[in-house]
file coords_31.tsv (TSV, C-alpha atoms)
chain	number	residue	atom	x	y	z
A	1	MET	CA	17.44	12.72	34.26
A	2	MET	CA	13.72	12.11	34.45
A	3	LEU	CA	12.80	8.61	35.59
A	4	PRO	CA	9.36	7.15	34.84
A	5	LEU	CA	7.50	6.06	37.95
A	6	VAL	CA	6.73	2.38	38.16
A	7	LEU	CA	3.16	2.72	39.38
A	8	ALA	CA	-0.13	0.96	39.04
A	9	THR	CA	-2.98	2.80	37.36
A	10	VAL	CA	-4.47	5.17	39.88
A	11	GLY	CA	-7.68	7.12	39.79
A	12	VAL	CA	-7.92	10.85	40.31
A	13	GLN	CA	-10.96	12.22	42.06
A	14	ALA	CA	-12.84	13.88	39.24
A	15	ALA	CA	-15.53	15.78	41.10
A	16	GLN	CA	-14.63	17.72	44.22
A	17	PRO	CA	-16.97	19.52	46.61
A	18	PRO	CA	-16.79	23.29	46.84
A	19	HIS	CA	-13.82	24.59	48.82
A	20	SER	CA	-13.28	27.76	50.80
A	21	ASP	CA	-9.57	27.30	51.49
A	22	GLY	CA	-8.32	30.33	49.58
A	23	PRO	CA	-6.76	31.29	46.23
A	24	ILE	CA	-3.87	28.80	46.35
A	25	ALA	CA	-6.19	25.80	46.51
A	26	ALA	CA	-8.40	27.34	43.82
A	27	GLN	CA	-5.35	27.70	41.60
A	28	GLU	CA	-4.42	24.06	42.12
A	29	ARG	CA	-7.95	22.93	41.34
A	30	SER	CA	-7.82	24.81	38.05
A	31	ILE	CA	-5.15	22.39	36.80
A	32	ARG	CA	-6.92	19.78	34.68
A	33	LEU	CA	-5.99	16.19	35.44
A	34	PRO	CA	-6.45	13.11	33.27
A	35	ARG	CA	-9.11	10.65	34.35
A	36	SER	CA	-6.44	8.23	35.49
A	37	CYS	CA	-2.75	8.65	36.26
A	38	ASP	CA	-1.45	5.65	34.35
A	39	ALA	CA	2.28	5.24	34.84
A	40	LYS	CA	2.47	3.28	31.60
A	41	ALA	CA	1.69	6.52	29.82
A	42	GLN	CA	4.59	8.10	31.74
A	43	GLN	CA	2.38	10.87	33.01
A	44	ALA	CA	4.48	11.29	36.17
A	45	SER	CA	8.25	11.27	36.59
A	46	LEU	CA	10.59	11.30	39.55
A	47	SER	CA	13.88	13.17	39.48
A	48	ASN	CA	16.57	14.08	41.97
A	49	LEU	CA	16.90	17.63	43.23
A	50	SER	CA	20.52	18.63	43.50
A	51	GLU	CA	21.65	20.74	46.43
A	52	SER	CA	21.72	23.85	44.25
A	53	ASP	CA	18.30	23.16	42.69
A	54	ALA	CA	16.74	22.54	46.11
A	55	ALA	CA	18.33	25.69	47.50
A	56	MET	CA	16.59	27.72	44.78
A	57	LEU	CA	13.20	26.76	46.24
A	58	LEU	CA	13.92	28.15	49.71
A	59	THR	CA	15.39	31.46	50.82
A	60	SER	CA	16.84	31.73	54.30
A	61	ALA	CA	15.04	34.32	56.41
A	62	GLY	CA	18.25	34.85	58.33
A	63	SER	CA	16.66	35.08	61.78
A	64	SER	CA	18.24	31.93	63.23
A	65	PRO	CA	21.95	31.07	63.39
A	66	ARG	CA	21.01	27.39	63.63
A	67	ILE	CA	19.85	27.07	60.02
A	68	GLY	CA	22.08	24.72	58.04
A	69	LYS	CA	22.33	24.25	54.28
A	70	VAL	CA	19.60	22.93	52.02
A	71	THR	CA	20.90	19.51	51.05
A	72	GLY	CA	18.70	18.18	48.22
A	73	GLY	CA	15.54	16.17	47.64
A	74	PHE	CA	13.39	15.08	44.71
A	75	SER	CA	10.58	16.31	42.45
A	76	ILE	CA	7.53	14.67	40.91
A	77	THR	CA	6.53	16.22	37.59
A	78	GLY	CA	4.11	15.52	34.76
A	79	VAL	CA	0.35	15.82	34.35
A	80	CYS	CA	-0.22	13.47	37.29
A	81	ALA	CA	1.93	15.45	39.73
A	82	PRO	CA	-1.07	17.53	40.94
A	83	ALA	CA	-2.80	14.24	41.88
A	84	VAL	CA	-0.32	13.72	44.73
A	85	SER	CA	-2.30	13.95	47.96
A	86	SER	CA	0.63	13.20	50.26
A	87	LEU	CA	4.38	13.38	49.79
A	88	PHE	CA	5.56	12.00	53.13
A	89	PRO	CA	5.73	9.74	55.02
A	90	ALA	CA	4.60	8.13	51.76
A	91	VAL	CA	3.82	9.35	48.25
A	92	VAL	CA	0.11	8.95	47.58
A	93	PHE	CA	-1.57	9.35	44.20
A	94	GLY	CA	-5.29	10.02	44.13
A	95	GLY	CA	-5.64	9.14	47.80
A	96	THR	CA	-5.40	5.39	47.15
A	97	ASP	CA	-1.95	4.11	46.16
A	98	PHE	CA	0.96	4.40	48.58
A	99	TYR	CA	4.64	4.41	47.64
A	100	GLY	CA	7.80	4.80	49.67
A	101	ILE	CA	11.00	6.42	48.43
A	102	ALA	CA	14.19	4.47	47.79
A	103	TYR	CA	16.66	6.26	50.06
A	104	PRO	CA	19.13	7.82	49.77
A	105	THR	CA	19.04	8.16	46.00
A	106	PHE	CA	15.46	9.45	45.58
A	107	ASP	CA	15.33	7.69	42.22
A	108	SER	CA	12.50	5.18	42.62
A	109	LEU	CA	9.25	4.52	44.45
A	110	ILE	CA	8.34	1.24	46.08
A	111	PRO	CA	4.81	0.10	47.05
A	112	THR	CA	4.11	0.44	50.75
A	113	LYS	CA	1.20	-0.07	53.13
A	114	PRO	CA	-1.33	2.73	53.74
A	115	PHE	CA	-0.56	4.84	56.77
A	116	SER	CA	-2.63	6.82	59.21
A	117	GLU	CA	-1.50	9.93	60.99
A	118	LEU	CA	-2.49	11.03	64.46
A	119	PRO	CA	-4.60	14.20	64.62
A	120	ASP	CA	-2.72	17.34	65.56
A	121	PRO	CA	-3.85	18.52	69.03
A	122	PHE	CA	-2.60	22.07	68.41
A	123	THR	CA	-5.19	24.78	67.78
A	124	PRO	CA	-3.32	27.94	66.80
A	125	PRO	CA	-4.23	30.90	69.03
A	126	SER	CA	-4.69	34.32	67.45
A	127	THR	CA	-1.12	35.28	68.45
A	128	VAL	CA	0.32	32.84	65.90
A	129	ARG	CA	-2.48	32.48	63.36
A	130	LYS	CA	-1.38	35.24	60.99
A	131	LEU	CA	1.82	36.88	59.73
A	132	LYS	CA	2.20	40.02	57.65
A	133	GLY	CA	3.55	38.83	54.32
A	134	ALA	CA	5.26	42.11	53.44
A	135	LYS	CA	7.75	41.50	56.25
A	136	PHE	CA	8.93	38.44	54.32
A	137	GLU	CA	8.73	39.96	50.82
A	138	LEU	CA	5.37	38.27	50.23
A	139	GLY	CA	2.15	40.20	49.73
A	140	GLY	CA	-0.96	39.98	51.91
A	141	VAL	CA	-1.58	38.09	55.11
A	142	LEU	CA	0.01	34.69	55.67
A	143	ARG	CA	-2.19	32.23	57.56
A	144	TYR	CA	-1.10	29.30	59.69
A	145	GLY	CA	-1.10	26.11	57.62
A	146	GLY	CA	0.16	23.45	60.00
A	147	GLY	CA	3.10	22.22	62.01
A	148	ILE	CA	4.53	19.57	64.30
A	149	PRO	CA	6.14	19.44	67.76
A	150	PHE	CA	9.82	20.27	67.39
A	151	GLU	CA	12.23	21.14	70.17
A	152	THR	CA	11.20	21.79	73.79
A	153	HIS	CA	8.16	24.10	73.85
A	154	GLN	CA	8.42	24.68	70.08
A	155	ARG	CA	6.58	23.77	66.89
A	156	LEU	CA	8.06	23.69	63.39
A	157	SER	CA	5.30	25.47	61.45
A	158	PHE	CA	4.39	27.21	58.20
A	159	TRP	CA	2.16	30.06	57.03
A	160	SER	CA	0.92	30.54	53.45
A	161	ASN	CA	-1.08	32.68	51.03
A	162	SER	CA	-1.28	33.00	47.25
A	163	SER	CA	2.13	34.73	47.17
A	164	GLY	CA	4.02	31.92	48.87
A	165	SER	CA	4.90	30.58	52.30
A	166	VAL	CA	7.22	31.05	55.24
A	167	ILE	CA	8.55	28.35	57.56
A	168	GLY	CA	9.39	29.10	61.16
A	169	LEU	CA	9.03	28.23	64.81
A	170	ILE	CA	6.23	28.79	67.29
A	171	ASP	CA	7.35	29.16	70.91
A	172	CYS	CA	4.89	28.07	73.60
A	173	LEU	CA	5.19	28.57	77.33
A	174	GLY	CA	3.84	25.11	78.12
A	175	SER	CA	4.06	22.00	75.96
A	176	SER	CA	4.25	22.33	72.17
A	177	ALA	CA	0.45	22.19	72.01
A	178	THR	CA	-0.33	24.49	74.91
A	179	PRO	CA	-0.72	28.30	74.73
A	180	PRO	CA	0.34	30.97	75.39
A	181	CYS	CA	2.34	30.91	72.18
A	182	THR	CA	4.30	33.48	70.18
A	183	ILE	CA	6.07	33.60	66.81
A	184	GLY	CA	9.70	32.51	67.18
A	185	ASN	CA	12.45	32.50	64.58
A	186	ILE	CA	11.42	32.47	60.91
A	187	LEU	CA	13.67	30.05	59.01
A	188	TYR	CA	12.75	30.17	55.31
A	189	ARG	CA	10.47	31.82	52.80
A	190	THR	CA	9.44	30.55	49.39
A	191	LYS	CA	7.31	31.82	46.51
A	192	HIS	CA	5.64	28.39	46.39
A	193	ARG	CA	3.10	26.72	48.65
A	194	VAL	CA	4.40	24.69	51.59
A	195	ARG	CA	2.06	21.76	52.21
A	196	LYS	CA	3.71	19.99	55.14
A	197	VAL	CA	6.80	20.05	57.34
A	198	SER	CA	8.57	17.26	59.18
A	199	TYR	CA	12.01	16.37	60.50
A	200	THR	CA	14.28	13.50	61.48
A	201	PRO	CA	15.85	13.77	64.95
A	202	SER	CA	19.63	13.77	65.06
A	203	MET	CA	20.85	10.37	66.23
A	204	HIS	CA	24.59	10.52	65.48
A	205	SER	CA	24.87	14.12	64.33
A	206	THR	CA	24.51	17.62	65.74
A	207	TYR	CA	22.01	18.38	62.96
A	208	LYS	CA	18.36	17.54	62.55
A	209	GLN	CA	17.13	16.91	59.03
A	210	LEU	CA	14.20	19.19	58.18
A	211	ARG	CA	11.79	18.03	55.45
A	212	PHE	CA	9.40	20.19	53.45
A	213	TRP	CA	6.66	19.35	50.93
A	214	ILE	CA	6.34	22.20	48.43
A	215	THR	CA	3.82	22.50	45.58
A	216	GLU	CA	4.76	24.78	42.70
A	217	ARG	CA	2.17	26.64	40.65
A	218	THR	CA	2.74	24.25	37.73
A	219	GLY	CA	1.61	21.36	39.95
A	220	ARG	CA	5.15	20.02	40.40
A	221	GLN	CA	5.65	18.45	43.83
A	222	ASP	CA	8.96	19.04	45.58
A	223	TYR	CA	10.48	17.27	48.55
A	224	VAL	CA	13.26	19.37	50.06
A	225	GLU	CA	15.65	18.59	52.91
A	226	ALA	CA	17.72	21.00	54.98
A	227	ASP	CA	19.98	20.81	58.03
A	228	TYR	CA	19.16	22.42	61.35
A	229	LEU	CA	21.57	22.62	64.28
A	230	ALA	CA	19.96	20.78	67.18
A	231	ALA	CA	19.71	22.38	70.60
A	232	PRO	CA	22.36	21.27	73.12
A	233	ARG	CA	21.18	18.41	75.30
call {"tool": "encode", "arguments": {"input": "coords_31.tsv", "output": "structure tokens"}}
result
Amino acid sequence: MMLPLVLATVGVQAAQPPHSDGPIAAQERSIRLPRSCDAKAQQASLSNLSESDAAMLLTSAGSSPRIGKVTGGFSITGVCAPAVSSLFPAVVFGGTDFYGIAYPTFDSLIPTKPFSELPDPFTPPSTVRKLKGAKFELGGVLRYGGGIPFETHQRLSFWSNSSGSVIGLIDCLGSSATPPCTIGNILYRTKHRVRKVSYTPSMHSTYKQLRFWITERTGRQDYVEADYLAAPR
């Protein structure tokens, strides 16, 4: 069931400077947005992603026995969905209005305070900057898109091109931000664009909860969760 978002009127940046960030971004910019994403016009809707629907967005690469099942998530659809500039730790429309998610149902957004994220100290060396897409049933060269410190000497990372994305691990000899680094296990591939990865450490479980922000070519924004078996302590 599609649920209208209870949002204030938010502005979408109408004019953007030229970009050189590749064909995926150019494709997203080609989607025409209304001048304002007014929730009263129901131009954006939030809906739950069932376990089976979420699993259709990600395909296991099969290179790690520690991958658990995809467990669910939510989607934002409608003409204002492409105006989402952040999906977690808060949903942001047009870069100005911040909303949290009502857990665990994913069925409503609640206003929240703006957040600021620390800059990522990791500069990907050439050894991990590119992947050959054909190896993962995706055409062309996949380029490093971002990541976060994960387990000891590892980063949970993603690589993307116009054919899709892959999610995997980078193994570093020193800390998670210190080379030399190599490509570790590849966890998932998707025909859509991964925008960000995150996770929740396991407090009372053997599994970590992986989180992925995925943008589909229609502009739909997907938040997907999956389990990952944590390393023994």
call {"tool": "residues_around", "arguments": {"input": "coords_31.tsv", "residues": "Ser85 of chain A", "least_positions_apart": "4", "cutoff": "8 Å", "atoms": "all atoms listed in the file", "output": "PDB file with C-alpha atoms, in the coordinates of the input"}}
result
ATOM      1  CA  VAL A  91       3.820   9.350  48.250  1.00  0.00           C
ATOM      2  CA  VAL A  92       0.110   8.950  47.580  1.00  0.00           C
ATOM      3  CA  PHE A  93      -1.570   9.350  44.200  1.00  0.00           C
ATOM      4  CA  GLY A  94      -5.290  10.020  44.130  1.00  0.00           C
ATOM      5  CA  GLY A  95      -5.640   9.140  47.800  1.00  0.00           C
TER       6      GLY A  95
END
call {"tool": "atom_distance", "arguments": {"input": "coords_31.tsv", "atom1": "atom CA of Ala226 of chain A", "atom2": "atom CA of Thr152 of chain A"}}
result
19.9 Å
call {"tool": "atom_distance", "arguments": {"input": "coords_31.tsv", "atom1": "atom CA of Ser60 of chain A", "atom2": "atom CA of Glu225 of chain A"}}
result
13.3 Å
call {"tool": "closest_residue", "arguments": {"input": "coords_31.tsv", "among": "A:Thr218, A:Asn185, A:Thr206, A:Thr127", "to": "Ile76 of chain A", "atoms": "all atoms listed in the file"}}
result
A:Thr218
call {"tool": "residues_around", "arguments": {"input": "coords_31.tsv", "residues": "Ser176 of chain A", "least_positions_apart": "6", "cutoff": "10 Å", "atoms": "all atoms listed in the file", "output": "list in words"}}
result
Pro121, Phe122, Ile148, Pro149, Phe150, Glu151, Thr152, His153, Gln154, Arg155, Leu156 and Ile170 of chain A
call {"tool": "write_last_selection", "arguments": {"input": "coords_31.tsv", "atoms": "C-alpha atoms", "output": "mmCIF file, in the coordinates of the input"}}
result
data_model
loop_
_atom_site.group_PDB
_atom_site.id
_atom_site.type_symbol
_atom_site.label_atom_id
_atom_site.label_comp_id
_atom_site.auth_asym_id
_atom_site.auth_seq_id
_atom_site.Cartn_x
_atom_site.Cartn_y
_atom_site.Cartn_z
ATOM 1 C CA PRO A 121 -3.850 18.520 69.030
ATOM 2 C CA PHE A 122 -2.600 22.070 68.410
ATOM 3 C CA ILE A 148 4.530 19.570 64.300
ATOM 4 C CA PRO A 149 6.140 19.440 67.760
ATOM 5 C CA PHE A 150 9.820 20.270 67.390
ATOM 6 C CA GLU A 151 12.230 21.140 70.170
ATOM 7 C CA THR A 152 11.200 21.790 73.790
ATOM 8 C CA HIS A 153 8.160 24.100 73.850
ATOM 9 C CA GLN A 154 8.420 24.680 70.080
ATOM 10 C CA ARG A 155 6.580 23.770 66.890
ATOM 11 C CA LEU A 156 8.060 23.690 63.390
ATOM 12 C CA ILE A 170 6.230 28.790 67.290
#
call {"tool": "closest_residue", "arguments": {"input": "coords_31.tsv", "among": "A:Ala90, A:Val197, A:Ile183, A:Leu118", "to": "Ser63 of chain A", "atoms": "only C-alpha atoms"}}
result
A:Ile183
call {"tool": "residues_around", "arguments": {"input": "coords_31.tsv", "residues": "Glu216 of chain A", "least_positions_apart": "3", "cutoff": "8 Å", "atoms": "all atoms listed in the file", "output": "list in words"}}
result
His192, Arg193, Gly219, Arg220, Gln221 and Asp222 of chain A
call {"tool": "atom_distance", "arguments": {"input": "coords_31.tsv", "atom1": "atom CA of Ala102 of chain A", "atom2": "atom CA of Pro201 of chain A"}}
result
19.6 Å
call {"tool": "closest_residue", "arguments": {"input": "coords_31.tsv", "among": "A:Thr105, A:Ser126, A:Thr59, A:Asn48", "to": "Ile167 of chain A", "atoms": "all atoms listed in the file"}}
result
A:Thr59
call {"tool": "closest_residue", "arguments": {"input": "coords_31.tsv", "among": "A:Ala83, A:Ala61, A:Asp107, A:Gly168", "to": "Leu49 of chain A", "atoms": "all atoms listed in the file"}}
result
A:Asp107
call {"tool": "residues_around", "arguments": {"input": "coords_31.tsv", "residues": "Pro114 of chain A", "least_positions_apart": "2", "cutoff": "10 Å", "atoms": "all atoms listed in the file", "output": "JSON, numbers by chain"}}
result
{"A": [90, 92, 95, 96, 97, 98, 99, 111, 112, 116]}
call {"tool": "residues_around", "arguments": {"input": "coords_31.tsv", "residues": "Gly139 of chain A", "least_positions_apart": "4", "cutoff": "10 Å", "atoms": "all atoms listed in the file", "output": "tab-separated table (two decimals) with C-alpha atoms, in the frame of the given file"}}
result
chain	number	residue	atom	x	y	z
A	132	LYS	CA	2.20	40.02	57.65
A	133	GLY	CA	3.55	38.83	54.32
A	134	ALA	CA	5.26	42.11	53.44
A	135	LYS	CA	7.75	41.50	56.25
A	161	ASN	CA	-1.08	32.68	51.03
A	162	SER	CA	-1.28	33.00	47.25
A	163	SER	CA	2.13	34.73	47.17
A	164	GLY	CA	4.02	31.92	48.87
call {"tool": "closest_residue", "arguments": {"input": "coords_31.tsv", "among": "A:Gly145, A:Phe115, A:Leu138, A:Gly72", "to": "Ser86 of chain A", "atoms": "only C-alpha atoms"}}
result
A:Phe115
call {"tool": "closest_residue", "arguments": {"input": "coords_31.tsv", "among": "A:Ala81, A:Leu109, A:Ala231, A:Ala177", "to": "Arg217 of chain A", "atoms": "all atoms listed in the file"}}
result
A:Ala81
